[in-house]
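Chemist: Sharing target.csv (CSV, C-alpha atoms) below.
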```
chain,number,residue,atom,x,y,z
A,21,MET,CA,17.4,-1.0,18.4
A,22,PRO,CA,20.2,0.6,16.3
A,23,GLU,CA,19.0,3.4,13.9
A,24,GLU,CA,20.5,1.7,10.9
A,25,LYS,CA,18.5,-1.5,11.6
A,26,LYS,CA,15.2,0.4,11.5
A,27,GLU,CA,15.9,1.1,7.8
A,28,THR,CA,16.0,-2.6,7.0
A,29,GLU,CA,12.6,-3.6,8.5
A,30,LEU,CA,9.5,-4.4,6.5
A,31,SER,CA,8.3,-0.9,7.0
A,32,THR,CA,11.1,0.4,4.8
A,33,VAL,CA,9.2,0.1,1.5
A,34,VAL,CA,5.6,0.2,2.8
A,35,SER,CA,6.3,3.0,5.2
A,36,LYS,CA,8.2,5.0,2.7
A,37,LEU,CA,5.4,4.7,0.2
A,38,ILE,CA,3.0,6.0,2.9
A,39,THR,CA,5.6,8.8,3.6
A,40,TYR,CA,5.8,9.8,0.0
A,41,SER,CA,2.0,10.0,-0.2
A,42,VAL,CA,1.8,12.1,2.9
A,43,LEU,CA,4.6,14.5,1.8
A,44,SER,CA,3.2,14.8,-1.7
A,45,ALA,CA,-0.3,15.9,-0.4
A,46,PRO,CA,0.4,19.6,0.1
A,47,MET,CA,2.6,20.0,-3.0
A,48,GLY,CA,1.5,21.7,-6.2
A,49,TYR,CA,2.0,20.2,-9.7
A,50,LEU,CA,4.5,18.3,-11.7
A,51,ILE,CA,5.2,20.6,-14.7
A,52,ALA,CA,6.6,19.1,-17.9
A,53,GLU,CA,8.6,21.0,-20.6
A,54,ASP,CA,5.6,21.3,-22.8
A,55,GLY,CA,3.7,23.0,-20.0
A,56,PHE,CA,1.6,20.0,-19.1
A,57,ARG,CA,0.6,20.0,-15.4
A,58,ASN,CA,0.1,16.7,-13.6
A,59,ARG,CA,-0.8,16.3,-9.9
A,60,ALA,CA,2.2,15.8,-7.6
A,61,GLN,CA,0.1,13.8,-5.2
A,62,LEU,CA,1.0,10.0,-4.9
A,63,ASN,CA,-1.9,7.7,-4.0
A,64,VAL,CA,-1.2,4.4,-2.4
A,65,LEU,CA,-3.2,1.2,-2.2
A,66,ILE,CA,-2.3,-1.3,0.5
A,67,VAL,CA,-4.0,-4.7,0.3
A,68,SER,CA,-3.5,-6.8,3.4
A,69,SER,CA,-5.5,-8.9,5.8
A,70,PHE,CA,-6.9,-7.5,9.0
A,71,GLY,CA,-4.5,-7.4,11.9
A,72,SER,CA,-1.5,-6.6,9.6
A,73,GLY,CA,-0.9,-3.2,11.2
A,74,LYS,CA,-2.2,-0.8,8.5
A,75,SER,CA,-5.0,0.5,10.7
A,76,SER,CA,-2.6,1.4,13.5
A,77,ALA,CA,-0.5,3.3,10.9
A,78,PHE,CA,-3.6,5.1,9.7
A,79,ASP,CA,-4.6,6.1,13.2
A,80,LYS,CA,-1.1,7.5,13.8
A,81,LEU,CA,-1.3,9.6,10.7
A,82,GLU,CA,-4.5,11.1,11.9
A,83,ASP,CA,-3.2,11.6,15.4
A,84,LEU,CA,-0.2,13.5,13.9
A,85,GLY,CA,-2.5,15.6,11.8
A,86,LEU,CA,-1.1,14.1,8.6
A,87,GLY,CA,-4.3,12.4,7.5
A,88,TYR,CA,-8.0,12.2,7.9
A,89,ILE,CA,-9.8,8.8,8.1
A,90,VAL,CA,-13.3,8.8,6.5
A,91,GLN,CA,-16.0,7.5,8.9
A,92,ASP,CA,-19.1,8.2,6.9
A,93,TYR,CA,-19.6,6.5,3.5
A,94,THR,CA,-22.8,8.3,2.4
A,95,ALA,CA,-22.9,10.5,-0.7
A,96,PRO,CA,-23.9,13.8,1.2
A,97,ALA,CA,-21.0,13.3,3.6
A,98,VAL,CA,-18.3,12.6,1.0
A,99,LEU,CA,-19.5,14.7,-1.8
A,100,GLY,CA,-21.1,17.6,0.1
A,101,SER,CA,-24.4,19.3,-0.8
A,102,ILE,CA,-26.2,22.6,-0.8
A,103,ARG,CA,-29.6,23.6,0.5
A,104,PRO,CA,-32.1,25.3,-1.9
A,105,GLY,CA,-31.5,28.5,0.2
A,106,GLY,CA,-27.8,28.5,-0.7
A,107,LYS,CA,-26.3,27.0,2.5
A,108,ILE,CA,-23.4,24.7,1.5
A,109,ILE,CA,-23.0,21.4,3.3
A,110,ARG,CA,-19.3,20.8,3.2
A,111,SER,CA,-17.7,17.5,2.1
A,112,VAL,CA,-15.7,15.6,4.7
A,113,LEU,CA,-12.9,15.7,2.1
A,114,ILE,CA,-12.1,19.3,3.1
A,115,HIS,CA,-10.8,18.0,6.4
A,116,ALA,CA,-8.0,16.2,4.4
A,117,ALA,CA,-6.9,19.3,2.4
A,118,ASN,CA,-3.1,19.3,2.1
A,119,ARG,CA,-3.1,16.0,4.0
A,120,ALA,CA,-3.9,12.3,3.2
A,121,PHE,CA,-7.5,11.2,2.8
A,122,ILE,CA,-7.5,7.7,4.3
A,123,ILE,CA,-10.0,5.2,3.0
A,124,ASP,CA,-10.2,1.8,4.7
A,125,GLU,CA,-12.1,-0.5,2.3
A,126,PHE,CA,-13.0,1.5,-0.9
A,127,GLN,CA,-15.5,-1.2,-1.7
A,128,LYS,CA,-17.8,0.0,1.2
A,129,PHE,CA,-18.7,3.2,-0.6
A,130,PRO,CA,-21.9,3.4,-2.8
A,131,THR,CA,-21.2,3.3,-6.5
A,132,LYS,CA,-21.9,7.0,-6.9
A,133,VAL,CA,-19.4,7.9,-4.2
A,134,ARG,CA,-16.7,5.5,-5.6
A,135,ASN,CA,-17.0,7.2,-9.0
A,136,ALA,CA,-16.6,10.6,-7.5
A,137,LEU,CA,-13.6,9.6,-5.4
A,138,LEU,CA,-11.9,8.2,-8.5
A,139,ASN,CA,-12.3,11.6,-10.1
A,140,PHE,CA,-11.0,13.3,-6.9
A,141,MET,CA,-8.0,11.0,-6.9
A,142,GLU,CA,-7.1,11.8,-10.4
A,143,LYS,CA,-8.0,15.5,-10.7
A,144,HIS,CA,-8.8,16.8,-7.2
A,145,TRP,CA,-12.2,18.0,-8.2
A,146,TYR,CA,-15.7,16.6,-8.8
A,147,ARG,CA,-18.7,18.3,-10.5
A,148,ARG,CA,-22.2,17.1,-10.0
A,149,PRO,CA,-25.7,18.4,-11.1
A,150,LEU,CA,-28.2,19.6,-8.5
A,151,GLY,CA,-31.9,18.9,-8.5
A,152,PHE,CA,-32.6,22.7,-8.4
A,153,LYS,CA,-31.0,26.0,-9.5
A,154,VAL,CA,-29.3,28.3,-7.1
A,155,ASP,CA,-30.3,32.0,-7.5
A,156,GLU,CA,-26.8,33.4,-7.1
A,157,LYS,CA,-23.3,31.9,-7.2
A,158,VAL,CA,-22.3,30.5,-3.8
A,159,GLU,CA,-18.6,30.0,-3.1
A,160,GLU,CA,-16.6,28.9,-0.1
A,161,LYS,CA,-12.9,28.3,0.0
A,162,GLY,CA,-10.1,27.5,2.4
A,163,ASP,CA,-6.5,26.3,2.4
A,164,GLY,CA,-6.4,23.6,-0.3
A,165,TRP,CA,-10.1,23.4,-0.9
A,166,GLU,CA,-12.9,25.2,-2.7
A,167,ILE,CA,-16.7,24.6,-3.1
A,168,ILE,CA,-18.7,26.4,-5.8
A,169,ALA,CA,-22.4,26.2,-6.5
A,170,GLU,CA,-23.6,28.0,-9.6
A,171,GLY,CA,-26.7,27.4,-11.6
A,172,ASN,CA,-27.6,23.7,-11.1
A,173,VAL,CA,-24.0,22.5,-10.6
A,174,LEU,CA,-22.0,21.9,-7.4
A,175,GLN,CA,-18.2,21.7,-7.8
A,176,THR,CA,-15.8,20.6,-5.1
A,177,TYR,CA,-12.0,20.9,-5.2
A,178,VAL,CA,-9.8,19.4,-2.6
A,179,LYS,CA,-6.0,19.0,-2.9
A,180,CYS,CA,-4.9,15.9,-1.0
A,181,SER,CA,-3.3,12.5,-1.5
A,182,TYR,CA,-5.2,9.2,-0.9
A,183,ILE,CA,-4.1,6.2,1.1
A,184,CYS,CA,-6.4,3.3,0.6
A,185,GLY,CA,-6.5,0.1,2.6
A,186,ALA,CA,-8.3,-3.1,1.6
A,187,MET,CA,-8.5,-6.7,2.9
A,188,TYR,CA,-8.9,-8.0,-0.6
A,189,PHE,CA,-8.8,-6.9,-4.2
A,190,LYS,CA,-10.3,-9.0,-6.9
A,191,LYS,CA,-10.1,-6.5,-9.8
A,192,LYS,CA,-13.4,-7.9,-11.2
A,193,THR,CA,-15.2,-4.6,-11.3
A,194,THR,CA,-14.5,-1.4,-13.4
A,195,ASP,CA,-14.3,0.6,-10.1
A,196,GLU,CA,-11.6,-1.6,-8.7
A,197,GLU,CA,-9.6,-1.5,-11.9
A,198,ALA,CA,-9.9,2.3,-11.9
A,199,LEU,CA,-8.8,2.5,-8.3
A,200,LEU,CA,-5.8,0.3,-9.0
A,201,SER,CA,-4.8,2.6,-11.9
A,202,ARG,CA,-4.8,5.6,-9.6
A,203,CYS,CA,-2.6,4.2,-6.9
A,204,PHE,CA,0.8,2.6,-6.3
A,205,PRO,CA,-0.4,-0.9,-5.2
A,206,VAL,CA,1.2,-3.1,-2.6
A,207,VAL,CA,-0.3,-6.6,-1.9
A,208,LEU,CA,0.8,-8.2,1.4
A,209,THR,CA,-0.1,-11.5,3.1
A,210,MET,CA,0.8,-12.7,6.6
A,211,THR,CA,2.1,-16.0,8.1
A,212,ARG,CA,1.2,-17.3,11.5
A,213,ASP,CA,4.6,-16.4,12.9
A,214,GLU,CA,4.2,-12.8,11.7
A,215,ALA,CA,0.8,-12.6,13.4
A,216,TYR,CA,2.5,-13.7,16.6
A,217,GLU,CA,5.1,-10.9,16.2
A,218,LEU,CA,2.3,-8.3,15.7
A,219,PHE,CA,0.6,-9.6,18.9
A,220,MET,CA,3.8,-9.1,20.8
A,221,GLY,CA,4.0,-5.5,19.7
A,222,TYR,CA,6.3,-5.6,16.7
A,223,GLU,CA,5.5,-2.4,14.8
A,224,ARG,CA,5.5,-3.2,11.1
A,225,ILE,CA,4.5,0.0,9.5
A,226,LYS,CA,6.3,2.9,11.1
A,227,ILE,CA,5.2,6.6,10.8
A,228,ASP,CA,7.9,9.2,11.6
A,229,SER,CA,6.6,12.3,13.6
A,230,LYS,CA,9.2,14.4,11.7
A,231,LEU,CA,6.8,14.3,8.7
A,232,VAL,CA,4.8,17.1,10.3
A,233,ARG,CA,7.6,19.6,9.8
A,234,LEU,CA,8.4,18.4,6.2
A,235,VAL,CA,4.8,18.6,5.1
A,236,GLU,CA,4.7,22.3,5.9
A,237,HIS,CA,8.0,22.8,4.1
A,238,LEU,CA,6.6,21.3,0.9
A,239,LYS,CA,3.3,23.1,0.8
A,240,GLY,CA,2.5,24.5,-2.7
A,241,ILE,CA,5.8,23.5,-4.3
A,242,ASP,CA,5.7,22.8,-8.0
A,243,ILE,CA,8.4,20.5,-9.5
A,244,PHE,CA,9.7,20.8,-13.0
A,245,VAL,CA,10.1,17.5,-14.9
A,246,SER,CA,12.5,17.8,-17.9
A,247,ASN,CA,12.2,15.6,-21.0
A,248,LYS,CA,15.7,14.4,-20.2
A,249,MET,CA,14.6,13.1,-16.8
A,250,LYS,CA,11.4,11.5,-18.4
A,251,ALA,CA,13.6,9.8,-21.0
A,252,LEU,CA,15.9,8.5,-18.3
A,253,LEU,CA,13.0,7.1,-16.3
A,254,VAL,CA,11.6,5.3,-19.3
A,255,LYS,CA,15.0,3.7,-20.0
A,256,GLU,CA,15.5,2.6,-16.4
A,257,PHE,CA,11.9,1.5,-16.0
A,258,ASP,CA,12.2,-0.7,-19.1
A,259,GLU,CA,15.3,-2.3,-17.7
A,260,ALA,CA,13.9,-2.7,-14.2
A,261,THR,CA,10.7,-4.4,-15.4
A,262,LYS,CA,12.3,-6.6,-18.1
A,263,GLY,CA,10.7,-10.0,-18.0
A,264,LEU,CA,7.8,-8.9,-15.8
A,265,GLU,CA,4.2,-8.9,-16.9
A,266,VAL,CA,3.2,-5.3,-17.2
A,267,ASN,CA,-0.1,-4.3,-18.8
A,268,PRO,CA,0.8,-1.5,-21.3
A,269,GLY,CA,-2.4,0.3,-20.2
A,270,TYR,CA,-0.9,0.9,-16.8
A,271,VAL,CA,2.6,1.9,-17.9
A,272,THR,CA,2.0,5.7,-18.2
A,273,ARG,CA,0.4,5.8,-14.8
A,274,MET,CA,3.2,3.7,-13.3
A,275,LEU,CA,5.8,6.1,-14.7
A,276,TRP,CA,4.0,9.2,-13.3
A,277,ASP,CA,3.8,7.6,-9.9
A,278,LEU,CA,7.6,6.9,-9.9
A,279,THR,CA,8.0,10.5,-11.1
A,280,ARG,CA,6.0,11.7,-8.1
A,281,ILE,CA,8.3,9.7,-5.7
A,282,ALA,CA,11.3,11.3,-7.4
A,283,ALA,CA,9.7,14.7,-7.2
A,284,VAL,CA,9.1,14.4,-3.4
A,285,LYS,CA,12.6,13.3,-2.8
A,286,SER,CA,14.0,16.1,-5.0
A,287,ALA,CA,11.8,18.7,-3.2
A,288,ILE,CA,13.0,17.5,0.2
A,289,ALA,CA,16.6,17.9,-1.0
A,290,GLY,CA,15.8,21.5,-2.0
A,291,TYR,CA,15.5,21.1,-5.8
A,292,SER,CA,12.8,22.8,-7.9
A,293,GLU,CA,13.0,20.0,-10.5
A,294,VAL,CA,13.3,16.2,-10.6
A,295,VAL,CA,17.0,15.3,-10.5
A,296,GLU,CA,18.8,12.2,-11.8
A,297,ASP,CA,19.8,10.7,-8.5
A,298,TYR,CA,16.1,10.4,-7.4
A,299,ILE,CA,15.0,8.9,-10.7
A,300,TYR,CA,17.5,6.0,-10.0
A,301,GLU,CA,16.1,5.7,-6.5
A,302,ALA,CA,12.4,5.7,-7.5
A,303,VAL,CA,12.8,3.2,-10.2
A,304,LYS,CA,14.0,0.6,-7.7
A,305,LEU,CA,10.4,0.3,-6.8
A,306,ALA,CA,9.2,-0.5,-10.3
A,307,PRO,CA,9.3,-4.3,-10.0
A,308,LEU,CA,7.3,-4.1,-6.7
A,309,GLN,CA,4.9,-1.7,-8.5
A,310,ALA,CA,4.4,-4.1,-11.4
A,311,MET,CA,3.8,-7.0,-9.0
A,312,GLY,CA,1.1,-5.0,-7.2
A,313,TYR,CA,-0.7,-4.4,-10.5
A,314,SER,CA,-0.7,-8.1,-11.2
A,315,LYS,CA,-1.9,-8.9,-7.6
A,316,GLY,CA,1.3,-10.6,-6.7
A,317,GLN,CA,1.6,-11.1,-2.9
A,318,LEU,CA,4.5,-11.0,-0.5
A,319,THR,CA,4.5,-12.1,3.1
A,320,MET,CA,5.7,-9.5,5.6
A,321,ARG,CA,9.0,-11.3,6.0
A,322,GLU,CA,9.5,-11.5,2.3
A,323,MET,CA,8.8,-7.7,2.1
A,324,GLU,CA,11.3,-7.2,4.9
A,325,VAL,CA,14.0,-9.1,3.0
A,326,TYR,CA,13.1,-7.2,-0.2
A,327,SER,CA,13.2,-3.9,1.6
A,328,TYR,CA,16.8,-4.6,2.8
A,329,ILE,CA,17.9,-5.5,-0.7
A,330,VAL,CA,16.3,-2.4,-2.2
A,331,SER,CA,18.1,-0.3,0.5
A,332,ASN,CA,21.4,-1.8,-0.6
A,333,PRO,CA,21.6,-1.7,-4.4
A,334,GLU,CA,25.3,-2.4,-4.3
A,335,GLY,CA,24.3,-6.0,-3.5
A,336,VAL,CA,24.0,-8.1,-0.3
A,337,THR,CA,24.6,-11.6,0.7
A,338,PRO,CA,22.2,-13.8,2.7
A,339,GLN,CA,24.6,-13.6,5.7
A,340,GLN,CA,24.4,-9.8,5.6
A,341,ILE,CA,20.6,-9.9,5.6
A,342,LYS,CA,20.7,-12.2,8.6
A,343,GLU,CA,23.1,-10.1,10.6
A,344,GLU,CA,21.2,-6.9,10.0
A,345,THR,CA,17.6,-8.1,10.2
A,346,GLU,CA,18.0,-11.1,12.6
A,347,ILE,CA,15.6,-13.1,10.4
A,348,PRO,CA,16.3,-16.8,10.6
A,349,GLU,CA,18.5,-18.1,7.8
A,350,LYS,CA,15.9,-20.6,6.6
A,351,THR,CA,13.3,-17.8,6.3
A,352,ILE,CA,15.7,-15.6,4.4
A,353,MET,CA,16.6,-18.3,1.9
A,354,GLU,CA,12.9,-19.1,1.3
A,355,ALA,CA,12.2,-15.4,0.8
A,356,LEU,CA,15.1,-15.0,-1.6
A,357,LYS,CA,13.8,-17.9,-3.7
A,358,LYS,CA,10.4,-16.3,-3.8
A,359,LEU,CA,11.7,-12.9,-4.7
A,360,LYS,CA,13.9,-14.4,-7.4
A,361,SER,CA,10.9,-16.3,-8.9
A,362,LEU,CA,8.9,-13.1,-9.0
A,363,LYS,CA,11.8,-11.4,-10.7
A,364,LEU,CA,12.1,-8.7,-8.0
A,365,VAL,CA,15.8,-9.5,-7.4
A,366,ASP,CA,18.7,-10.8,-9.4
A,367,LYS,CA,21.6,-12.8,-8.0
A,368,VAL,CA,25.2,-13.2,-9.0
A,369,GLU,CA,27.7,-15.8,-8.0
A,370,ALA,CA,31.0,-14.1,-7.0
A,371,GLY,CA,33.5,-16.7,-6.0
A,372,LYS,CA,32.1,-18.5,-2.9
A,373,LYS,CA,29.5,-15.7,-2.3
A,374,THR,CA,26.0,-15.3,-3.7
A,375,ILE,CA,25.1,-11.7,-4.0
A,376,TYR,CA,21.5,-10.4,-4.4
A,377,TYR,CA,20.6,-7.1,-6.1
A,378,PRO,CA,17.3,-5.2,-6.7
A,379,LYS,CA,16.3,-6.1,-10.2
A,380,GLY,CA,17.3,-3.6,-12.8
A,381,VAL,CA,20.0,-1.8,-10.8
A,382,MET,CA,23.0,-4.1,-11.3
```
Using structure tokens, write down the structure that the file contains.
Modeler:
Amino acid sequence: MPEEKKETELSTVVSKLITYSVLSAPMGYLIAEDGFRNRAQLNVLIVSSFGSGKSSAFDKLEDLGLGYIVQDYTAPAVLGSIRPGGKIIRSVLIHAANRAFIIDEFQKFPTKVRNALLNFMEKHWYRRPLGFKVDEKVEEKGDGWEIIAEGNVLQTYVKCSYICGAMYFKKKTTDEEALLSRCFPVVLTMTRDEAYELFMGYERIKIDSKLVRLVEHLKGIDIFVSNKMKALLVKEFDEATKGLEVNPGYVTRMLWDLTRIAAVKSAIAGYSEVVEDYIYEAVKLAPLQAMGYSKGQLTMREMEVYSYIVSNPEGVTPQQIKEETEIPEKTIMEALKKLKSLKLVDKVEAGKKTIYYPKGVM
């Protein structure tokens, strides 16, 4: 398969989001002009049915040493503990330090653990009271993690990103709303034909082994975010999401997630600050981000078509999509109709040609 075609497959958007999350895991902070420090780590939520390929992608991340999949959902395993004698029982989270902590089905965790994970996702640390008092301060630390027991309090710090998978997401509970607000959400569904393709071995979500080298390169890097770049992102975000239903309560978090993507791309390019080119690239994902917050779904083929359009902001015709992706023409036209109705793409009639653009970048 030609290399350029790989960049047009479904995996373009979904895999890139996973890639940004993995690469952001070892980074330091986003530092604003006023000195405000925000986490650089991008958390991603992928909602899709079983058999969609996300579990295979998660397994590959763990095999490559880029992520850690949680296997035990109990509070002592996830939060850690300490014996009255001062022996610390380490949280499984420390295995994900500087990597991605992979959660398949957030809803499986007990309420106490979910609340703790939400705090870890936002601030990297969690503090909880103990049922007894330790005589002397106990501290253990490693690369990207630290556990401190002092008095009757146990505090755990772990620097990592979070990749969450779920088969459904109803947004009916406070915990689920809070999870949504801490992640870049993507909601996928699957047709029967797409299930056949997966059975035949078509790899939907691709993980590049080259990420291992890049992760080490980005460890500990802080990225400066100027007011000029923040203002540019607000302007482009407003244009890209015009006409879309976006809850104002999510907007600040959405903007920071787009900033994190721009920061990862800037750091890879060797910059110590977010640069303009990557603001423009990151904001292309704003309509998809808004759709995820509203639980809007795309089939895998629709995502594949959308990915190709996002990768070609200068505009593409249905014929070009067909030639590059080999998706049947009827499927492409149905996908374009859906994407247009969701306001993810715009179209322009240019003579006898119909050209489709990612929304907000025309």
Chemist: Work out how far apart atom CA of Leu208 of chain A and atom CA of Ser69 of chain A are and give it in Å to one decimal.
Modeler: 7.7 Å
Chemist: When you count only C-alpha atoms, which of these residues is closest to Ala77 of chain A: A:Ala169, A:Val294, A:Met141, A:Ile122?
Modeler: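 For Ala77 of chain A, the nearest of the given residues is A:Ile122.
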Chemist: For Glu160 of chain A, please output as JSON, numbers by chain all residues within 12 Å (counting all atoms listed in the file; exclusion window: fewer than 4 positions along the same chain).
Modeler: {"A": [102, 106, 107, 108, 109, 110, 111, 114, 164, 165, 166, 167, 168, 169, 170, 174, 175, 176, 177, 178]}
Chemist: How would the residues just picked look written out with C-alpha atoms as a compact mmCIF listing (two decimals), in the coordinates of the input?
Modeler:
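And here's result36.txt as it stands now:
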```txt
# COMPACT_ATOMS: atom_id res chain seq x y z
CA ILE A 102 -26.20 22.60 -0.80
CA GLY A 106 -27.80 28.50 -0.70
CA LYS A 107 -26.30 27.00 2.50
CA ILE A 108 -23.40 24.70 1.50
CA ILE A 109 -23.00 21.40 3.30
CA ARG A 110 -19.30 20.80 3.20
CA SER A 111 -17.70 17.50 2.10
CA ILE A 114 -12.10 19.30 3.10
CA GLY A 164 -6.40 23.60 -0.30
CA TRP A 165 -10.10 23.40 -0.90
CA GLU A 166 -12.90 25.20 -2.70
CA ILE A 167 -16.70 24.60 -3.10
CA ILE A 168 -18.70 26.40 -5.80
CA ALA A 169 -22.40 26.20 -6.50
CA GLU A 170 -23.60 28.00 -9.60
CA LEU A 174 -22.00 21.90 -7.40
CA GLN A 175 -18.20 21.70 -7.80
CA THR A 176 -15.80 20.60 -5.10
CA TYR A 177 -12.00 20.90 -5.20
CA VAL A 178 -9.80 19.40 -2.60
```
Chemist: Give the answer as one residue: which of A:Val325, A:Leu362, A:Met210, A:Leu81 has the shortest atom-to-atom distance to Glu346 of chain A, using only C-alpha atoms?
Modeler: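 When distances to Glu346 of chain A are compared using only C-alpha atoms, the smallest one comes from A:Val325.
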Chemist: Considering only C-alpha atoms, can you say which of A:Ile89, A:Ala355, A:Arg119, A:Ala370 comes closest to Leu231 of chain A?
Modeler: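 Among A:Ile89, A:Ala355, A:Arg119, A:Ala370, it is A:Arg119 that comes nearest to Leu231 of chain A.
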Chemist: Which residues are near segment 239-245 of chain A? Cut-off 6 Å, all atoms listed in the file, ignore same chain within fewer than 6 positions. Put them as a list in words.
Modeler: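 Here the qualifying residues turn out to be Pro46, Met47, Gly48, Tyr49, Leu50, Ile51, Ala52, Ser292, Glu293 and Val294 of chain A.
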Chemist: So which residues touch Val271 of chain A within 12 Å, counting all atoms listed in the file, skipping near sequence neighbours fewer than 4 positions away, as JSON, numbers by chain?
Modeler: {"A": [201, 202, 204, 253, 254, 257, 258, 261, 265, 266, 267, 275, 276, 277, 278, 306, 309, 310, 313]}
Chemist: Which value, in Å to one decimal, gives the distance between atom CA of Phe56 of chain A and atom CA of Lys179 of chain A?
Modeler: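 Atom-to-atom, atom CA of Phe56 of chain A and atom CA of Lys179 of chain A are spaced 17.9 Å apart.
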Chemist: Find the distance between atom CA of Glu324 of chain A and atom CA of Ile352 of chain A and write it in Å to one decimal.
Modeler: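 Those two atoms sit 9.5 Å apart.
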Chemist: Is it possible to get the residues within 10 Å of (2.4, -0.2, 2.3) (coordinates as in the file, counting all atoms listed in the file) written as a PDB file with C-alpha atoms, in the coordinates of the input?
Modeler:
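File selection_23.pdb, as written:
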```pdb
ATOM      1  CA  LEU A  30       9.500  -4.400   6.500  1.00  0.00           C
ATOM      2  CA  SER A  31       8.300  -0.900   7.000  1.00  0.00           C
ATOM      3  CA  THR A  32      11.100   0.400   4.800  1.00  0.00           C
ATOM      4  CA  VAL A  33       9.200   0.100   1.500  1.00  0.00           C
ATOM      5  CA  VAL A  34       5.600   0.200   2.800  1.00  0.00           C
ATOM      6  CA  SER A  35       6.300   3.000   5.200  1.00  0.00           C
ATOM      7  CA  LYS A  36       8.200   5.000   2.700  1.00  0.00           C
ATOM      8  CA  LEU A  37       5.400   4.700   0.200  1.00  0.00           C
ATOM      9  CA  ILE A  38       3.000   6.000   2.900  1.00  0.00           C
ATOM     10  CA  THR A  39       5.600   8.800   3.600  1.00  0.00           C
ATOM     11  CA  VAL A  64      -1.200   4.400  -2.400  1.00  0.00           C
ATOM     12  CA  LEU A  65      -3.200   1.200  -2.200  1.00  0.00           C
ATOM     13  CA  ILE A  66      -2.300  -1.300   0.500  1.00  0.00           C
ATOM     14  CA  VAL A  67      -4.000  -4.700   0.300  1.00  0.00           C
ATOM     15  CA  SER A  68      -3.500  -6.800   3.400  1.00  0.00           C
ATOM     16  CA  GLY A  73      -0.900  -3.200  11.200  1.00  0.00           C
ATOM     17  CA  LYS A  74      -2.200  -0.800   8.500  1.00  0.00           C
ATOM     18  CA  ALA A  77      -0.500   3.300  10.900  1.00  0.00           C
ATOM     19  CA  ILE A 183      -4.100   6.200   1.100  1.00  0.00           C
ATOM     20  CA  CYS A 184      -6.400   3.300   0.600  1.00  0.00           C
ATOM     21  CA  GLY A 185      -6.500   0.100   2.600  1.00  0.00           C
ATOM     22  CA  PHE A 204       0.800   2.600  -6.300  1.00  0.00           C
ATOM     23  CA  PRO A 205      -0.400  -0.900  -5.200  1.00  0.00           C
ATOM     24  CA  VAL A 206       1.200  -3.100  -2.600  1.00  0.00           C
ATOM     25  CA  VAL A 207      -0.300  -6.600  -1.900  1.00  0.00           C
ATOM     26  CA  LEU A 208       0.800  -8.200   1.400  1.00  0.00           C
ATOM     27  CA  ARG A 224       5.500  -3.200  11.100  1.00  0.00           C
ATOM     28  CA  ILE A 225       4.500   0.000   9.500  1.00  0.00           C
ATOM     29  CA  MET A 323       8.800  -7.700   2.100  1.00  0.00           C
TER      30      MET A 323
END
```
Chemist: Would you pick out the contacts of Ser181 of chain A at 8 Å or less, using only C-alpha atoms, so that residues sharing its chain but fewer than 2 positions from it are not included, and give the list as a short mmCIF file (atom, residue, chain, number, x, y, z; two decimals) with C-alpha atoms, in the coordinates of the input?
Modeler:
```cif
data_model
loop_
_atom_site.label_atom_id
_atom_site.label_comp_id
_atom_site.auth_asym_id
_atom_site.auth_seq_id
_atom_site.Cartn_x
_atom_site.Cartn_y
_atom_site.Cartn_z
CA SER A 41 2.00 10.00 -0.20
CA VAL A 42 1.80 12.10 2.90
CA SER A 44 3.20 14.80 -1.70
CA ALA A 45 -0.30 15.90 -0.40
CA GLN A 61 0.10 13.80 -5.20
CA LEU A 62 1.00 10.00 -4.90
CA ASN A 63 -1.90 7.70 -4.00
CA ASN A 118 -3.10 19.30 2.10
CA ARG A 119 -3.10 16.00 4.00
CA ALA A 120 -3.90 12.30 3.20
CA PHE A 121 -7.50 11.20 2.80
CA MET A 141 -8.00 11.00 -6.90
CA LYS A 179 -6.00 19.00 -2.90
CA ILE A 183 -4.10 6.20 1.10
#
```
Chemist: My list of candidates is A:Lys250, A:Lys226, A:Lys161, A:Arg212. Which is closest to Ser76 of chain A when distances are computed with all atoms listed in the file?
Modeler: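 Closest candidate: A:Lys226.
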Chemist: Of the candidates A:Ala117, A:Leu318, A:Met311, A:Ile288, which shows the shortest atom-to-atom distance to Arg233 of chain A, using all atoms listed in the file?
Modeler: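 Looking at the shortest contact to Arg233 of chain A, the residue is A:Ile288.
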Chemist: Please determine, counting only C-alpha atoms, which residue among A:Val284, A:Asp92, A:Glu322, A:Lys132 has the shortest atom-to-atom distance to Leu234 of chain A.
Modeler: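 When distances to Leu234 of chain A are compared using only C-alpha atoms, the smallest one comes from A:Val284.
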Chemist: Take the point (-13.9, 1.9, -6.7) as written in the file and pick out every residue within 6 Å of it, counting all atoms listed in the file; give the list as a list in words.
Modeler: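 Here is the list of nearby residues: Phe126, Arg134, Asp195, Glu196 and Leu199 of chain A.
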Chemist: Write out as a tab-separated table (two decimals) with C-alpha atoms, in the coordinates of the input the residues lying within 10 Å of Lys342 of chain A, counting only C-alpha atoms and excluding same-chain residues fewer than 6 positions away.
Modeler:
```tsv
chain	number	residue	atom	x	y	z
A	325	VAL	CA	14.00	-9.10	3.00
A	348	PRO	CA	16.30	-16.80	10.60
A	349	GLU	CA	18.50	-18.10	7.80
A	350	LYS	CA	15.90	-20.60	6.60
A	351	THR	CA	13.30	-17.80	6.30
A	352	ILE	CA	15.70	-15.60	4.40
A	353	MET	CA	16.60	-18.30	1.90
```
